[in-house]
Amino acid sequence: MFVKFRLISIIFVFFILLSGCDSTDINTVKERPVKSENGNMEKISQKLESYINKDVDNMSQFLITDLKNIKELSQNYFVHYTYKLDEIDYEGIAYLEKVNGEIEISRTEEVMIDNESRVTNIMATGDLNNANKRYVVTAGTVNDQGIDTILVTYVNQNNVFFKLSSTKRSFLDIQVVEIGEQEIGLEQVIGLDSDRKEIYKRNE
């Protein structure tokens with residue numbers, strides 16, 4: 001659901017580094033800055049606009065409000081974004097891949113944002129198109145200002161911390177394994193305060 005429309009407002013871009021990956025089972029995930037020299041960010045933005053345009057009738061009511069997080073896995077890209085349509089806020093994850101030098105959208109998942117939720121969450125699973133690997137992607141926005149750090153836990157114990165700040169209130173994590181080797185299901189999303197005390201938990 002993306003519109004090829006030039007009125008795009010990029011409010012801020014969050015920069016998250018995924019660390020602690022097992023090089024045997026989980027590929028290194030690299031963050032791509034919004035003004036990367038190779039122009040991938042611009043291409044991704046254009047692809048998302050065009051993709052939304054297929055299903056949106058009234059372009060004047062559509063506005064991308066934020067490309068929150070972008071991570072690269074070899075020739076694959078995962079994007080966490082939000083947009084507004086008819087005064088309703090949406091949050092989504094897009095999986096894109098580079099094919100013959102061109103970035104193409106393979107899949108998107110979107111939900112209406114619950115602005116009353118302390119931590120929003122959207123998750124997607126699937127197979128990488130160019131490898132015998134499976135991925136789990138989880139992302140969200142943290143509305144509770146008392147939450148200082150997000151801990152995402154998985155059944156295979158590859159747990160990841162995301163340190164938040166006053167301007168960085170979202171997270172995006174990608175877990176990838178060889179198909180059939182091990183489970184990588186999302187287990188919990190936990191919010192910690194500045195004293196590392198648990199003040200929020202959601203079981204998946």
# chains A, B, ... in the order shown; residues from 1 in each chain; ligands from 1
>>> closest_atom_pairs(of="region 65-85 of chain A", to="region 109-117 of chain A", cutoff="10 Å", atoms="only C-alpha atoms", output="JSON lines")
{"residue": "A:His80", "atom": "CA", "partner": "A:Glu109", "partner_atom": "CA", "distance": 9.8}
{"residue": "A:Tyr81", "atom": "CA", "partner": "A:Glu110", "partner_atom": "CA", "distance": 9.2}
{"residue": "A:Thr82", "atom": "CA", "partner": "A:Ile113", "partner_atom": "CA", "distance": 8.6}
{"residue": "A:Tyr83", "atom": "CA", "partner": "A:Met112", "partner_atom": "CA", "distance": 9.6}
{"residue": "A:Lys84", "atom": "CA", "partner": "A:Met112", "partner_atom": "CA", "distance": 9.5}
>>> residues_around(residues="Gly92 (chain A)", least_positions_apart="5", cutoff="12 Å", atoms="only C-alpha atoms", output="compact mmCIF listing (two decimals) with N, CA and C atoms, in the first residue's frame")
# COMPACT_ATOMS: atom_id res chain seq x y z
N MET A 1 0.82 -1.19 0.00
CA MET A 1 0.00 0.00 0.00
C MET A 1 0.87 1.26 0.00
N PHE A 2 1.57 1.63 -1.06
CA PHE A 2 2.44 2.83 -1.00
C PHE A 2 2.22 3.79 -2.15
N LEU A 48 8.72 2.19 -1.72
CA LEU A 48 7.62 2.14 -0.77
C LEU A 48 6.48 3.06 -1.18
N ILE A 52 2.64 1.60 -2.09
CA ILE A 52 1.41 2.04 -1.43
C ILE A 52 0.42 2.60 -2.44
N ILE A 64 3.89 9.69 4.26
CA ILE A 64 4.86 8.91 5.03
C ILE A 64 5.39 9.82 6.13
N THR A 65 5.24 9.41 7.37
CA THR A 65 5.67 10.26 8.47
C THR A 65 7.05 9.90 9.00
N ASP A 66 7.48 8.65 8.77
CA ASP A 66 8.78 8.27 9.33
C ASP A 66 9.28 6.97 8.73
N LEU A 67 10.53 6.99 8.26
CA LEU A 67 11.25 5.76 7.95
C LEU A 67 12.14 5.52 9.16
N LYS A 68 11.65 4.71 10.10
CA LYS A 68 12.25 4.63 11.42
C LYS A 68 13.59 3.92 11.42
N ASN A 69 13.62 2.70 10.92
CA ASN A 69 14.81 1.87 11.00
C ASN A 69 15.02 1.14 9.69
N PHE A 78 15.49 -4.65 5.42
CA PHE A 78 14.30 -4.65 6.26
C PHE A 78 14.06 -3.22 6.74
N VAL A 79 12.84 -2.73 6.58
CA VAL A 79 12.52 -1.34 6.89
C VAL A 79 11.34 -1.29 7.85
N HIS A 80 11.46 -0.49 8.88
CA HIS A 80 10.38 -0.21 9.82
C HIS A 80 9.92 1.20 9.54
N TYR A 81 8.63 1.40 9.27
CA TYR A 81 8.15 2.70 8.84
C TYR A 81 6.77 2.98 9.43
N THR A 82 6.36 4.24 9.41
CA THR A 82 5.01 4.64 9.76
C THR A 82 4.48 5.58 8.69
N TYR A 83 3.15 5.61 8.55
CA TYR A 83 2.55 6.56 7.63
C TYR A 83 1.14 6.90 8.09
N LYS A 84 0.62 7.99 7.58
CA LYS A 84 -0.71 8.46 7.94
C LYS A 84 -1.59 8.45 6.69
N ARG A 107 7.81 -8.18 0.41
CA ARG A 107 6.69 -8.38 1.33
C ARG A 107 6.58 -7.20 2.27
N THR A 108 5.34 -6.87 2.65
CA THR A 108 5.11 -5.88 3.69
C THR A 108 4.07 -6.40 4.68
N GLU A 109 4.19 -5.95 5.90
CA GLU A 109 3.19 -6.22 6.95
C GLU A 109 2.85 -4.88 7.58
N GLU A 110 1.55 -4.60 7.76
CA GLU A 110 1.14 -3.31 8.31
C GLU A 110 -0.01 -3.48 9.30
N VAL A 111 -0.05 -2.60 10.30
CA VAL A 111 -1.14 -2.57 11.28
C VAL A 111 -1.46 -1.12 11.61
N MET A 112 -2.67 -0.87 12.06
CA MET A 112 -3.01 0.45 12.59
C MET A 112 -2.30 0.62 13.93
N ILE A 113 -1.75 1.80 14.16
CA ILE A 113 -1.01 2.05 15.40
C ILE A 113 -1.98 2.28 16.55
N THR A 120 4.18 -0.49 20.98
CA THR A 120 3.53 -1.12 19.83
C THR A 120 4.41 -2.25 19.34
N ASN A 121 3.81 -3.15 18.57
CA ASN A 121 4.60 -4.28 18.08
C ASN A 121 4.04 -4.77 16.75
N ILE A 122 4.94 -5.05 15.84
CA ILE A 122 4.59 -5.68 14.57
C ILE A 122 5.67 -6.71 14.27
N MET A 123 5.26 -7.87 13.79
CA MET A 123 6.21 -8.96 13.55
C MET A 123 5.91 -9.62 12.22
N ALA A 124 6.96 -10.11 11.57
CA ALA A 124 6.80 -10.85 10.32
C ALA A 124 7.83 -11.98 10.27
N VAL A 137 11.32 -10.97 12.00
CA VAL A 137 11.53 -9.53 12.18
C VAL A 137 10.50 -9.02 13.17
N THR A 138 10.95 -8.27 14.15
CA THR A 138 10.04 -7.63 15.09
C THR A 138 10.42 -6.16 15.24
N ALA A 139 9.42 -5.32 15.34
CA ALA A 139 9.67 -3.88 15.45
C ALA A 139 8.57 -3.26 16.28
N GLY A 140 8.83 -2.07 16.78
CA GLY A 140 7.81 -1.38 17.56
C GLY A 140 8.24 0.02 17.93
N THR A 141 7.29 0.76 18.46
CA THR A 141 7.53 2.11 18.95
C THR A 141 7.17 2.15 20.43
N LEU A 172 14.02 -2.25 15.90
CA LEU A 172 13.85 -3.19 14.79
C LEU A 172 14.90 -4.28 14.95
>>> closest_residue(among="A:Lys133, A:Thr149, A:Lys71, A:Asn40", to="Lys98 (chain A)", atoms="only C-alpha atoms")
A:Asn40
>>> closest_residue(among="A:Leu192, A:Val177, A:Met41, A:Val142", to="Asn156 (chain A)", atoms="only C-alpha atoms")
A:Val177
>>> residues_around(residues="Gln157 (chain A)", least_positions_apart="3", cutoff="9 Å", atoms="only C-alpha atoms", output="number ranges by chain")
A: 153-154, 184
>>> atom_distance(atom1="CA of Asn159 (chain A)", atom2="CA of Asn143 (chain A)")
21.7 Å
